[in-house]
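Asker: One structure, pasted below without further comment.
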Amino acid sequence: MDEWVVHQRIKIPFMYTAGRALTRFLEGLARGEIWATRCASCGRVYLPPLNFCGRCWRGIDRWCQLPPLGELISYTIIQRPLPEHPDRSPLILGLIRLDGADTNLVHLIGDVDPSEVERVTRVRAVWRDERPASILAISHFAPLT
Amino acid sequence: MEGTMTKVSIVGVAQTRFEERIASLAINELVYMVVRELLHKTGVSMKEIRSIVTASQDAWDGRTISGMTINEVVGGYLNAEAKVAADGLQALLYGAARIMSGEYTLTLVVAHCKESEGTPHAITNLMFDPFTQRHLGLDDVTAAALQARRYMRLRGLAAEDIAAVAVKNHRHAKKNPFAQRAGDFTITDVLNSPILADPIHELEAAPQSDGACALLLASESKARTVTDHPVFIIGMGNATDAYWTDRELGEAKALRQAASRAYRMAGIEYPAHEIDVAEISARYAYEELMAMEALGLSEAPQDMLARGDCEIGGRLPINPSGGPLCGNPVTVSGLVRVVEAYLQLTDQAGEHQVHGAQTALAHGAGGICGQNQSVVILRRE
Ligand SMILES: [Zn+2]
């Protein structure tokens with residue numbers, strides 16, 4: 001017996017409210033600046049910024065600007081084409097700890113051959129010429145040479 | 001367990017075979033099948049069951065309020081039915097709390113997922129922060145790959161150390177009739193299997209799975225009327241970590257917490273010596289080593305594995321069923337670990353039986369890179 005299936009595509013337009021902390025972060029990116037918050041109690045620097053520290057359970061109102069430089073903590077090479085990047089394969093995604101931050105940022109790693117990325121320890125943000133108020137204002141992170 | 005709270009026991013279990021695609025059954029039919037088998041095995045009638053906790057995920061079921069897909073077949077009609085949208089082990093914790101309260105003598109716990117119906121990349125991409133992460137194309141396996149490399153770097157592990165987990169589990173799975181993927185793979189076979197997201201290979205990741213499982217919890221006095229061989233839940237613990245980009249990804253801090261809570265409740269001081277068998281929710285091979293460390297079962301899990309201690313017949317068999325690498329519907333993952341632990345403690349595990357097992361550990365995890373962790377300790381009489 002052939003079993004039937006019913007094909008459907010779920011598509012739900014959505015509008016996510018950025019809120020106060022992320023609005024300031026996203027506006028900074030559009031200017032080519034990276035802004036983080038620092039918990040006054042434990043000193044933890046959050047990037048992307050949060051206006052509260054879950055560890056101390058208190059609000060945060062201190063901001064600090066971070067340099068577009070950091071350490072490549074981990075990476076993965078993806079050979080299959082991803083729908084988000086149909087024309088970029090293979091693709092390298094990296095976990096980046098910006099200097100001065102205590103949390104990690106995820107971004108594309110570029111300007112390096114996948115076979116060489118294992119040797120990369122320091123990276124820098126490569127900004128787009130036209131910067132949206134989005135994490136995509138940074139095109140990718142590249143090895144710091 | 002302290003004070004006057006009711007002791008919780010498991011009096012029966014059922015699971016479907018895990019398959020890449022179960023095309024002939026709709027979700028409610030699949031769950032009906034497994035619940036019917038459970039009731040048949042225990043001899044308990046649905047009329048006696050007033051409390052039901054299920055686990056399923058809206059995004060994977062392709063509909064919100066996913067618990068309503070199966071409400072009728074789990075006996076939810078006018079009963080105390082509740083759903084957790086998390087790993088199935090969370091449903092067990094919820095169900096156990098109902099028995100402990102003394103208000104219910106029986107609680108049915110069920111988990112299901114048909115991963116074949118949806119689009120894994122799109123569904124798991126929805127877990128990620130929509131502001132700064134989702135548009136990068138992250139999904140479950142890419143985040144796991146970032147964690148795997150971080151963990152391997154921190155511990156100085158080689159690709160072969162991770163592949164050895166997959167070799168052991170697929171060999172165990174040959175003895176488990178419910179397993180979806182099994183075989184005598186070598187380390188070279190594992191490392192030659194396609195790379196899903198470097199450093200994770202296909203044989204080091206749980207396959208796409210359809211399936212369901214169910215178990216019946218009972219108060220001690222009720223359990224005595226259902227079975228001569230109840231298995232008792234003597235310890236439970238869970239813990240939730242910070243978001244995956246807000247923590248040291250190479251450490252499983254939340255699992256350490258969850259385990260210490262479960263061990264304290266169970267009165268276990270030396271888990272490596274007091275646990276006889278462990279079923280670990282390692283959906284990726286590296287997670288099994290991370291979990292063995294965090295559970296206090298070994299400080300150098302790769303060495304313990306290489307010595308053969310984790311084999312069936314070894315000092316501390318880990319995932320004698322083959323574990324999630326051999327079949328792992330999302331949300332069923334943690335609950336079926338308990339099902340397997342129960343089979344071990346009632347000498348019903350067949351070819352993958354760990355002889356003489358008295359105390360078993362079942363582990364469940366959910367969220368990105370194991371943000372949420374649960375541990376249950378079970379003991380036979
Ligand atoms: Zn703080």
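Residues in the structure tokens are numbered from 1 in each chain, the chains being A, B, ... in the order shown, and ligands are numbered from 1 in the order shown.
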Would you kindly report the residues of chain A within 6 Å of chain B, using only C-alpha atoms, as a compact mmCIF listing (two decimals) with all heavy atoms, in the first residue's frame?
Answerer:
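After the write, out.txt holds the following:
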```
# COMPACT_ATOMS: atom_id res chain seq x y z
N GLU A 3 1.56 4.90 1.08
CA GLU A 3 1.04 5.82 2.09
C GLU A 3 1.03 7.23 1.53
O GLU A 3 1.94 7.63 0.82
CB GLU A 3 1.89 5.76 3.36
CG GLU A 3 1.63 4.53 4.18
CD GLU A 3 2.39 3.32 3.66
OE1 GLU A 3 3.30 3.50 2.84
OE2 GLU A 3 2.05 2.20 4.08
N SER A 74 37.11 28.30 18.32
CA SER A 74 36.78 27.05 17.65
C SER A 74 36.24 27.40 16.27
O SER A 74 35.89 28.55 16.01
CB SER A 74 35.74 26.26 18.46
OG SER A 74 35.52 24.99 17.86
N TYR A 75 36.19 26.39 15.40
CA TYR A 75 35.65 26.63 14.06
C TYR A 75 35.10 25.32 13.54
O TYR A 75 35.39 24.23 14.07
CB TYR A 75 36.74 27.17 13.10
CG TYR A 75 37.80 26.15 12.80
CD1 TYR A 75 37.67 25.27 11.73
CD2 TYR A 75 38.92 26.03 13.62
CE1 TYR A 75 38.63 24.29 11.48
CE2 TYR A 75 39.89 25.06 13.37
CZ TYR A 75 39.73 24.20 12.30
OH TYR A 75 40.66 23.22 12.07
N THR A 76 34.28 25.42 12.50
CA THR A 76 33.84 24.22 11.79
C THR A 76 33.80 24.52 10.30
O THR A 76 33.49 25.66 9.90
CB THR A 76 32.47 23.71 12.29
OG1 THR A 76 32.09 22.56 11.53
CG2 THR A 76 31.36 24.76 12.15
N ILE A 77 34.15 23.53 9.52
CA ILE A 77 34.11 23.67 8.06
C ILE A 77 32.90 22.89 7.56
O ILE A 77 32.75 21.70 7.89
CB ILE A 77 35.40 23.12 7.42
CG1 ILE A 77 36.61 23.83 8.02
CG2 ILE A 77 35.36 23.29 5.89
CD1 ILE A 77 37.94 23.14 7.74
N ILE A 78 32.04 23.57 6.82
CA ILE A 78 30.81 22.94 6.33
C ILE A 78 30.88 22.85 4.81
O ILE A 78 30.98 23.87 4.13
CB ILE A 78 29.58 23.75 6.79
CG1 ILE A 78 29.59 23.88 8.32
CG2 ILE A 78 28.28 23.09 6.32
CD1 ILE A 78 29.02 25.17 8.81
N GLU A 84 21.27 29.57 3.81
CA GLU A 84 21.58 30.96 4.16
C GLU A 84 22.75 31.50 3.34
O GLU A 84 22.95 32.71 3.25
CB GLU A 84 21.90 31.08 5.65
CG GLU A 84 20.71 30.83 6.57
CD GLU A 84 20.43 29.34 6.80
OE1 GLU A 84 21.16 28.50 6.25
OE2 GLU A 84 19.47 29.04 7.53
N THR A 103 32.21 36.52 26.55
CA THR A 103 31.30 35.63 25.83
C THR A 103 31.80 35.53 24.39
O THR A 103 32.71 36.26 24.00
CB THR A 103 29.87 36.19 25.85
OG1 THR A 103 29.86 37.43 25.14
CG2 THR A 103 29.37 36.41 27.27
N ASN A 104 31.20 34.62 23.65
CA ASN A 104 31.67 34.38 22.29
C ASN A 104 30.70 34.92 21.25
O ASN A 104 29.49 34.97 21.46
CB ASN A 104 31.86 32.88 22.05
CG ASN A 104 32.86 32.28 23.01
OD1 ASN A 104 33.88 32.91 23.31
ND2 ASN A 104 32.57 31.11 23.51
N ILE A 135 24.39 42.15 12.50
CA ILE A 135 25.67 41.45 12.66
C ILE A 135 26.34 41.31 11.29
O ILE A 135 27.56 41.14 11.19
CB ILE A 135 25.45 40.09 13.36
CG1 ILE A 135 26.77 39.47 13.82
CG2 ILE A 135 24.72 39.09 12.48
CD1 ILE A 135 27.42 40.15 14.98
```
Asker: Which chains and residue numbers are within 6 Å of ligand 1, counting only C-alpha atoms and all ligand atoms, if I want them as JSON, numbers by chain?
Answerer: {"A": [39, 41, 42, 44, 53, 55, 56]}
Asker: Calculate how many Å separate CA of Met68 in chain B from CA of Met46 in chain B, rounding to one decimal.
Answerer: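 Going from CA of Met68 in chain B over to CA of Met46 in chain B covers 17.8 Å.
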Asker: Going by DSSP on the backbone, which bits of range 90-128 of chain B are helix (DSSP H, G or I)? Write them as an MDAnalysis selection string, please.
Answerer: chainID B and resid 90:100 115:117 120:125
Asker: If DSSP is run on the backbone, what residues of range 9-56 of chain A are strand (DSSP E)? A reply as a list in words would be ideal.
Answerer: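 Taking range 9-56 of chain A and keeping strand (DSSP E) only, one gets Ile34, Trp35, Ala36, Thr37, Arg38, Val45, Tyr46, Phe52 and Cys53 of chain A.
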Asker: Which residue gives the smallest distance to Arg20 in chain A among A:Leu93, A:Glu116, A:Phe141, A:Leu50, with only C-alpha atoms counted?
Answerer: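 Closest residue, counting only C-alpha atoms: A:Leu50.
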Asker: Quick one: everything within 9 Å of Ala30 in chain A, counting only C-alpha atoms, minus sequence neighbours fewer than 2 positions away in the same chain. Send it as a list of chain:residue names.
Answerer: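 Within the cut-off, the hits are A:Phe25, A:Leu26, A:Glu27, A:Gly28, A:Gly32, A:Glu33, A:Glu130, A:Arg131, A:Pro132, A:Ala133, A:Ser134, A:Ile135, A:Ala137.
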Asker: Selected residues, C-alpha atoms, written as an mmCIF file, in the first residue's frame, please.
Answerer:
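Result saved to out_20.cif:
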```cif
data_model
loop_
_atom_site.group_PDB
_atom_site.id
_atom_site.type_symbol
_atom_site.label_atom_id
_atom_site.label_comp_id
_atom_site.auth_asym_id
_atom_site.auth_seq_id
_atom_site.Cartn_x
_atom_site.Cartn_y
_atom_site.Cartn_z
ATOM 1 C CA PHE A 25 24.612 47.182 19.674
ATOM 2 C CA LEU A 26 23.056 47.078 16.191
ATOM 3 C CA GLU A 27 23.308 50.847 15.766
ATOM 4 C CA GLY A 28 26.971 50.593 16.720
ATOM 5 C CA GLY A 32 31.547 50.155 12.417
ATOM 6 C CA GLU A 33 31.727 49.979 16.216
ATOM 7 C CA GLU A 130 27.605 49.447 3.260
ATOM 8 C CA ARG A 131 26.898 48.525 6.860
ATOM 9 C CA PRO A 132 23.388 47.482 7.890
ATOM 10 C CA ALA A 133 22.362 47.697 11.559
ATOM 11 C CA SER A 134 22.969 43.968 11.785
ATOM 12 C CA ILE A 135 25.669 41.454 12.656
ATOM 13 C CA ALA A 137 27.667 44.759 9.000
#
```
Asker: Could you please determine the separation between CA of Phe178 in chain B and CA of His112 in chain B in Å, to one decimal place?
Answerer: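 Going from CA of Phe178 in chain B over to CA of His112 in chain B covers 14.7 Å.
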Asker: Can you work out which one of B:Arg379, B:Arg181, B:Lys114, B:Arg50 has the shortest atom-to-atom distance to Val330 in chain B, counting only C-alpha atoms?
Answerer: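 Between B:Arg379, B:Arg181, B:Lys114, B:Arg50, the residue approaching Val330 in chain B most closely is B:Lys114.
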Asker: Quick one: residues within 9 Å of Pro207 in chain B, only C-alpha atoms counted, chain neighbours fewer than 5 positions away excluded, as a ChimeraX atom specification?
Answerer: /B:20,180-181,202,283,324-329
Asker: Take the residues just selected and output them with C-alpha atoms as a short mmCIF file (atom, residue, chain, number, x, y, z; two decimals), in the first residue's frame.
Answerer:
```
data_model
loop_
_atom_site.label_atom_id
_atom_site.label_comp_id
_atom_site.auth_asym_id
_atom_site.auth_seq_id
_atom_site.Cartn_x
_atom_site.Cartn_y
_atom_site.Cartn_z
CA GLU B 20 14.98 6.62 9.30
CA GLN B 180 18.32 1.75 13.52
CA ARG B 181 22.02 1.77 12.66
CA GLU B 202 28.22 10.97 9.81
CA ARG B 283 23.72 12.52 20.06
CA PRO B 324 21.58 7.77 20.35
CA LEU B 325 24.14 7.19 17.59
CA CYS B 326 22.12 4.13 16.64
CA GLY B 327 18.71 5.79 16.52
CA ASN B 328 17.54 8.92 18.23
CA PRO B 329 14.26 10.71 17.62
#
```
Asker: Choose the residue, out of A:Ser89, A:Arg24, A:Leu69, A:Gln79, that has the smallest atom-to-atom separation from Ala142 in chain A; count only C-alpha atoms.
Answerer: A:Leu69
Asker: Taking 3 positions as the minimum chain separation for residues in the same chain, which residues sit within 10 Å of range 65-67 of chain A when counting only C-alpha atoms? Answer as a list in words.
Answerer: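 Answer for this query is Phe25, Gly28, Glu33, Ile34, Trp35, Ala36, Thr37, Val45, Leu47, Gly70, Leu98, Asp99, Gly100, Ala101, Arg124 and Ala125 of chain A.
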Asker: Output the selection as a PDB file, in the first residue's frame - C-alpha atoms for each residue.
Answerer:
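Generated file (out17.pdb):
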```
ATOM      1  CA  PHE A  25      24.612  47.182  19.674  1.00  0.00           C
ATOM      2  CA  GLY A  28      26.971  50.593  16.720  1.00  0.00           C
ATOM      3  CA  GLU A  33      31.727  49.979  16.216  1.00  0.00           C
ATOM      4  CA  ILE A  34      31.353  47.034  18.588  1.00  0.00           C
ATOM      5  CA  TRP A  35      29.654  47.796  21.903  1.00  0.00           C
ATOM      6  CA  ALA A  36      29.384  45.446  24.861  1.00  0.00           C
ATOM      7  CA  THR A  37      28.047  45.699  28.413  1.00  0.00           C
ATOM      8  CA  VAL A  45      31.570  41.563  29.654  1.00  0.00           C
ATOM      9  CA  LEU A  47      28.843  40.570  23.727  1.00  0.00           C
ATOM     10  CA  GLY A  70      39.918  38.550  19.016  1.00  0.00           C
ATOM     11  CA  LEU A  98      36.789  39.419  21.120  1.00  0.00           C
ATOM     12  CA  ASP A  99      39.512  41.004  23.223  1.00  0.00           C
ATOM     13  CA  GLY A 100      37.909  42.197  26.441  1.00  0.00           C
ATOM     14  CA  ALA A 101      34.747  40.067  26.087  1.00  0.00           C
ATOM     15  CA  ARG A 124      39.889  40.664  12.942  1.00  0.00           C
ATOM     16  CA  ALA A 125      36.492  41.838  11.760  1.00  0.00           C
TER      17      ALA A 125
END
```
Asker: Between A:Ser139, A:Ala21, A:Ile73, A:Pro90, single out the one closest to Ile60 in chain A, counting only C-alpha atoms.
Answerer: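 Among the listed residues, A:Ala21 lies closest to Ile60 in chain A.
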Asker: For Ala266 in chain B, please output as number ranges by chain all residues within 8 Å (counting only C-alpha atoms; exclusion window: fewer than 4 positions along the same chain).
Answerer: B: 1, 234-236, 262, 377
Asker: Go ahead and save the picked residues with C-alpha atoms, as a CSV table (one decimal), in the first residue's frame.
Answerer:
```
chain,number,residue,atom,x,y,z
B,1,MET,CA,14.0,10.2,49.0
B,234,ILE,CA,16.3,6.7,43.7
B,235,GLY,CA,17.9,10.0,42.4
B,236,MET,CA,16.9,12.8,40.0
B,262,ALA,CA,20.9,13.1,41.5
B,377,ILE,CA,19.4,7.0,39.0
```
